[in-house]
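Chemist: The file below is query.cif, mmCIF, C-alpha atoms:
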data_structure
#
loop_
_atom_site.label_atom_id
_atom_site.label_comp_id
_atom_site.auth_asym_id
_atom_site.auth_seq_id
_atom_site.Cartn_x
_atom_site.Cartn_y
_atom_site.Cartn_z
CA MET A 1 -53.95 87.22 -36.22
CA THR A 2 -53.81 90.17 -38.59
CA LEU A 3 -52.18 89.79 -41.99
CA LEU A 4 -49.58 92.45 -41.12
CA ARG A 5 -48.50 90.62 -37.94
CA HIS A 6 -48.55 87.34 -39.85
CA LEU A 7 -46.29 88.70 -42.60
CA GLY A 8 -43.98 90.28 -40.01
CA THR A 9 -43.53 86.98 -38.21
CA TYR A 10 -43.05 85.20 -41.53
CA GLY A 11 -40.40 87.75 -42.53
CA PHE A 12 -38.57 87.43 -39.22
CA VAL A 13 -38.43 83.63 -39.40
CA SER A 14 -37.34 83.80 -43.04
CA ALA A 15 -34.58 86.26 -42.13
CA LEU A 16 -33.32 83.84 -39.46
CA CYS A 17 -33.17 81.10 -42.10
CA VAL A 18 -31.29 83.40 -44.51
CA ILE A 19 -28.75 84.22 -41.78
CA LEU A 20 -28.35 80.53 -40.89
CA ASN A 21 -27.86 79.71 -44.57
CA ILE A 22 -25.10 82.31 -44.93
CA ILE A 23 -23.35 81.11 -41.76
CA ILE A 24 -23.39 77.50 -42.97
CA LEU A 25 -22.20 78.34 -46.49
CA VAL A 26 -19.40 80.65 -45.35
CA GLY A 27 -18.44 78.32 -42.50
CA GLY A 28 -18.40 75.34 -44.86
CA ASP A 29 -16.17 77.24 -47.26
CA LEU A 30 -13.77 78.18 -44.46
CA LEU A 31 -13.62 74.50 -43.48
CA GLY A 32 -12.87 73.48 -47.09
CA MET A 33 -16.31 71.93 -47.66
CA HIS A 34 -17.55 71.92 -51.26
CA TYR A 35 -20.44 74.36 -51.71
CA VAL A 36 -22.80 71.63 -52.90
CA LEU A 37 -22.33 69.74 -49.62
CA SER A 38 -22.65 72.90 -47.50
CA THR A 39 -25.80 73.81 -49.46
CA ILE A 40 -27.30 70.41 -48.60
CA VAL A 41 -26.34 70.86 -44.93
CA SER A 42 -27.89 74.33 -44.99
CA TYR A 43 -31.06 73.00 -46.58
CA VAL A 44 -31.46 70.39 -43.83
CA PHE A 45 -30.94 72.85 -40.97
CA CYS A 46 -33.00 75.63 -42.55
CA VAL A 47 -35.88 73.26 -43.29
CA LEU A 48 -35.88 72.03 -39.70
CA LEU A 49 -35.66 75.53 -38.20
CA GLY A 50 -38.05 77.07 -40.71
CA TYR A 51 -40.67 74.36 -40.31
CA VAL A 52 -40.70 74.55 -36.51
CA LEU A 53 -40.80 78.36 -36.36
CA HIS A 54 -43.20 78.90 -39.27
CA THR A 55 -45.58 76.22 -38.00
CA HIS A 56 -45.62 77.54 -34.45
CA PHE A 57 -45.31 81.31 -34.94
CA SER A 58 -46.01 82.31 -38.55
CA PHE A 59 -49.01 80.11 -39.23
CA GLU A 60 -49.98 79.03 -35.68
CA SER A 61 -50.64 75.51 -36.90
CA THR A 62 -49.96 72.03 -35.57
CA PHE A 63 -46.96 69.89 -36.40
CA SER A 64 -47.59 66.82 -38.55
CA PRO A 65 -45.52 64.48 -40.69
CA SER A 66 -47.53 65.39 -43.80
CA SER A 67 -47.06 69.15 -43.36
CA PHE A 68 -43.33 68.62 -42.72
CA ILE A 69 -42.99 66.59 -45.93
CA ARG A 70 -44.91 69.27 -47.88
CA TYR A 71 -42.74 72.00 -46.33
CA ALA A 72 -39.47 70.19 -47.13
CA ALA A 73 -40.64 69.54 -50.69
CA ALA A 74 -41.76 73.15 -51.14
CA MET A 75 -38.41 74.45 -49.92
CA SER A 76 -36.55 72.13 -52.28
CA VAL A 77 -37.73 74.21 -55.27
CA ASN A 78 -35.73 77.26 -54.16
CA LEU A 79 -32.51 76.64 -56.10
CA PRO A 80 -33.99 75.90 -59.51
CA SER A 81 -36.55 78.66 -58.93
CA ALA A 82 -33.80 81.19 -58.20
CA VAL A 83 -31.84 80.20 -61.31
CA PHE A 84 -35.01 80.38 -63.42
CA ALA A 85 -36.02 83.78 -62.02
CA VAL A 86 -32.62 85.34 -62.73
CA TRP A 87 -32.50 83.72 -66.18
CA LEU A 88 -35.98 85.05 -67.00
CA LEU A 89 -35.41 88.57 -65.69
CA HIS A 90 -31.79 89.07 -66.75
CA ASP A 91 -31.27 86.93 -69.84
CA MET A 92 -34.71 86.85 -71.42
CA LEU A 93 -36.12 90.25 -70.39
CA GLN A 94 -32.70 91.99 -70.51
CA ILE A 95 -33.14 93.57 -67.07
CA PRO A 96 -29.73 94.62 -65.66
CA MET A 97 -28.46 92.35 -62.89
CA PHE A 98 -28.58 95.15 -60.27
CA ALA A 99 -32.35 95.15 -60.75
CA ALA A 100 -32.90 91.50 -61.71
CA ALA A 101 -31.29 90.08 -58.56
CA PRO A 102 -33.50 91.99 -56.08
CA ALA A 103 -36.57 91.36 -58.25
CA ALA A 104 -35.82 87.62 -58.27
CA THR A 105 -35.42 87.70 -54.49
CA ILE A 106 -38.79 89.41 -54.10
CA LEU A 107 -40.45 86.93 -56.46
CA LEU A 108 -38.94 84.00 -54.56
CA THR A 109 -40.05 85.49 -51.24
CA VAL A 110 -43.63 85.64 -52.52
CA LEU A 111 -43.35 82.10 -53.91
CA ASN A 112 -41.91 80.84 -50.62
CA TYR A 113 -44.71 82.48 -48.63
CA ILE A 114 -47.37 80.81 -50.79
CA LEU A 115 -45.58 77.43 -50.69
CA ASN A 116 -44.99 77.65 -46.92
CA ARG A 117 -48.63 78.49 -46.26
CA TRP A 118 -49.78 75.60 -48.44
CA ALA A 119 -47.26 73.17 -46.91
CA ILE A 120 -48.14 73.96 -43.31
CA THR A 121 -51.85 74.77 -43.48
CA GLY A 122 -52.92 73.09 -46.72
CA LYS A 123 -54.35 76.44 -47.94
CA MET A 124 -53.23 78.33 -51.05
CA SER A 125 -55.14 81.60 -50.55
CA ILE A 126 -53.38 84.56 -48.97
CA GLY A 127 -56.43 86.21 -47.45
CA SER A 128 -56.37 88.02 -44.11
CA LYS A 129 -57.21 84.91 -42.05
CA CYS A 130 -54.31 82.62 -41.35
#
Kindly transcribe the structure held in the file into structure tokens.

Modeler:
Amino acid sequence: MTLLRHLGTYGFVSALCVILNIIILVGGDLLGMHYVLSTIVSYVFCVLLGYVLHTHFSFESTFSPSSFIRYAAAMSVNLPSAVFAVWLLHDMLQIPMFAAAPAATILLTVLNYILNRWAITGKMSIGSKC
């Protein structure tokens, strides 16, 4: 699998998880659910969907309890990582929010790719072989 195809598949699966997250958060709000609860619900569904699709398509690996636990743990760092990235870029480096928010998203996408690859394959390198 070429790196370009690999990253394309990773991006597609990640986009599906982003869309699912938005649907759950907005739907939860419309139903009167507190955002903390809807965020937990979203985490559960996105972890399940993301793990299955990333394992099978993005990384062409095999399912295992240990890789699922690593994946779920890796994905649990998203919220504090997002807050930290915006704090660092906007508050500490004084980058305007219109630039800090997309930069934080890009940084978290790279972090998520590295964490997903490690969680599912046990490898940290991002070389051309998946």

Chemist: Could you spell out the hits of the PyMOL selection byres ((chain A and resi 49) around 12) on the shown file, as a PyMOL selection string?

Modeler: chain A and resi 13-21+42-48+50-57+68+71-72

Chemist: Can you list what the PyMOL selection byres ((chain A and resi 25) around 8) grabs from this structure, as a PDB file with C-alpha atoms, in the coordinates of the input?

Modeler:
ATOM      1  CA  ASN A  21     -27.860  79.710 -44.570  1.00  0.00           C
ATOM      2  CA  ILE A  22     -25.100  82.310 -44.930  1.00  0.00           C
ATOM      3  CA  ILE A  23     -23.350  81.110 -41.760  1.00  0.00           C
ATOM      4  CA  ILE A  24     -23.390  77.500 -42.970  1.00  0.00           C
ATOM      5  CA  VAL A  26     -19.400  80.650 -45.350  1.00  0.00           C
ATOM      6  CA  GLY A  27     -18.440  78.320 -42.500  1.00  0.00           C
ATOM      7  CA  GLY A  28     -18.400  75.340 -44.860  1.00  0.00           C
ATOM      8  CA  ASP A  29     -16.170  77.240 -47.260  1.00  0.00           C
ATOM      9  CA  TYR A  35     -20.440  74.360 -51.710  1.00  0.00           C
ATOM     10  CA  SER A  38     -22.650  72.900 -47.500  1.00  0.00           C
ATOM     11  CA  THR A  39     -25.800  73.810 -49.460  1.00  0.00           C
ATOM     12  CA  SER A  42     -27.890  74.330 -44.990  1.00  0.00           C
TER      13      SER A  42
END

Chemist: List every protein, DNA or RNA residue that has at least one atom no more than 10 Å from (-31.3, 85.1, -58.2) in the file's coordinates, counting all atoms listed in the file, and write the result as a VMD selection string.

Modeler: chain A and resid 78 to 90 97 100 to 108

Chemist: What is the distance between CA of Ile120 in chain A and CA of Arg5 in chain A, in Å to one decimal?

Modeler: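 Result for CA of Ile120 in chain A versus CA of Arg5 in chain A: 17.5 Å, one decimal.
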
Chemist: Evaluate the PyMOL selection byres ((chain A and resi 117) around 10) against this structure - the residues, as a CSV table (one decimal) with C-alpha atoms, keeping the file's coordinate frame, please.

Modeler:
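In the end it all went to selection-v4.csv:
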chain,number,residue,atom,x,y,z
A,10,TYR,CA,-43.0,85.2,-41.5
A,54,HIS,CA,-43.2,78.9,-39.3
A,55,THR,CA,-45.6,76.2,-38.0
A,58,SER,CA,-46.0,82.3,-38.6
A,59,PHE,CA,-49.0,80.1,-39.2
A,67,SER,CA,-47.1,69.2,-43.4
A,71,TYR,CA,-42.7,72.0,-46.3
A,74,ALA,CA,-41.8,73.2,-51.1
A,111,LEU,CA,-43.4,82.1,-53.9
A,112,ASN,CA,-41.9,80.8,-50.6
A,113,TYR,CA,-44.7,82.5,-48.6
A,114,ILE,CA,-47.4,80.8,-50.8
A,115,LEU,CA,-45.6,77.4,-50.7
A,116,ASN,CA,-45.0,77.6,-46.9
A,118,TRP,CA,-49.8,75.6,-48.4
A,119,ALA,CA,-47.3,73.2,-46.9
A,120,ILE,CA,-48.1,74.0,-43.3
A,121,THR,CA,-51.8,74.8,-43.5
A,122,GLY,CA,-52.9,73.1,-46.7
A,123,LYS,CA,-54.4,76.4,-47.9
A,124,MET,CA,-53.2,78.3,-51.0
A,125,SER,CA,-55.1,81.6,-50.6
A,126,ILE,CA,-53.4,84.6,-49.0
A,130,CYS,CA,-54.3,82.6,-41.4

Chemist: Could you tell me how far CA of Val110 in chain A sits from CA of Val77 in chain A, in Å to one decimal place?

Modeler: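 Here the two named atoms are 13.2 Å from each other.
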
Chemist: Work out how far CA of Thr9 in chain A is from CA of Ala73 in chain A, in Å to one decimal.

Modeler: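 Answer for the CA of Ala73 in chain A to CA of Thr9 in chain A separation: 21.6 Å.
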
Chemist: To test the calculation: enclose all listed atoms of range 92-97 of chain A in a box whose edges run along x, y and z, add 3 Å on each side, then state centre and edge lengths in Å to one decimal, as lines of an AutoDock Vina configuration file.

Modeler:
center_x = -32.3
center_y = 90.7
center_z = -67.2
size_x = 13.7
size_y = 13.8
size_z = 14.5

Chemist: Determine the nearest neighbour of Ile40 in chain A from the options A:Ser61, A:Ser66, A:Ser76, A:Gln94, counting all atoms listed in the file.

Modeler: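 So, comparing all the options, the nearest one is A:Ser76.
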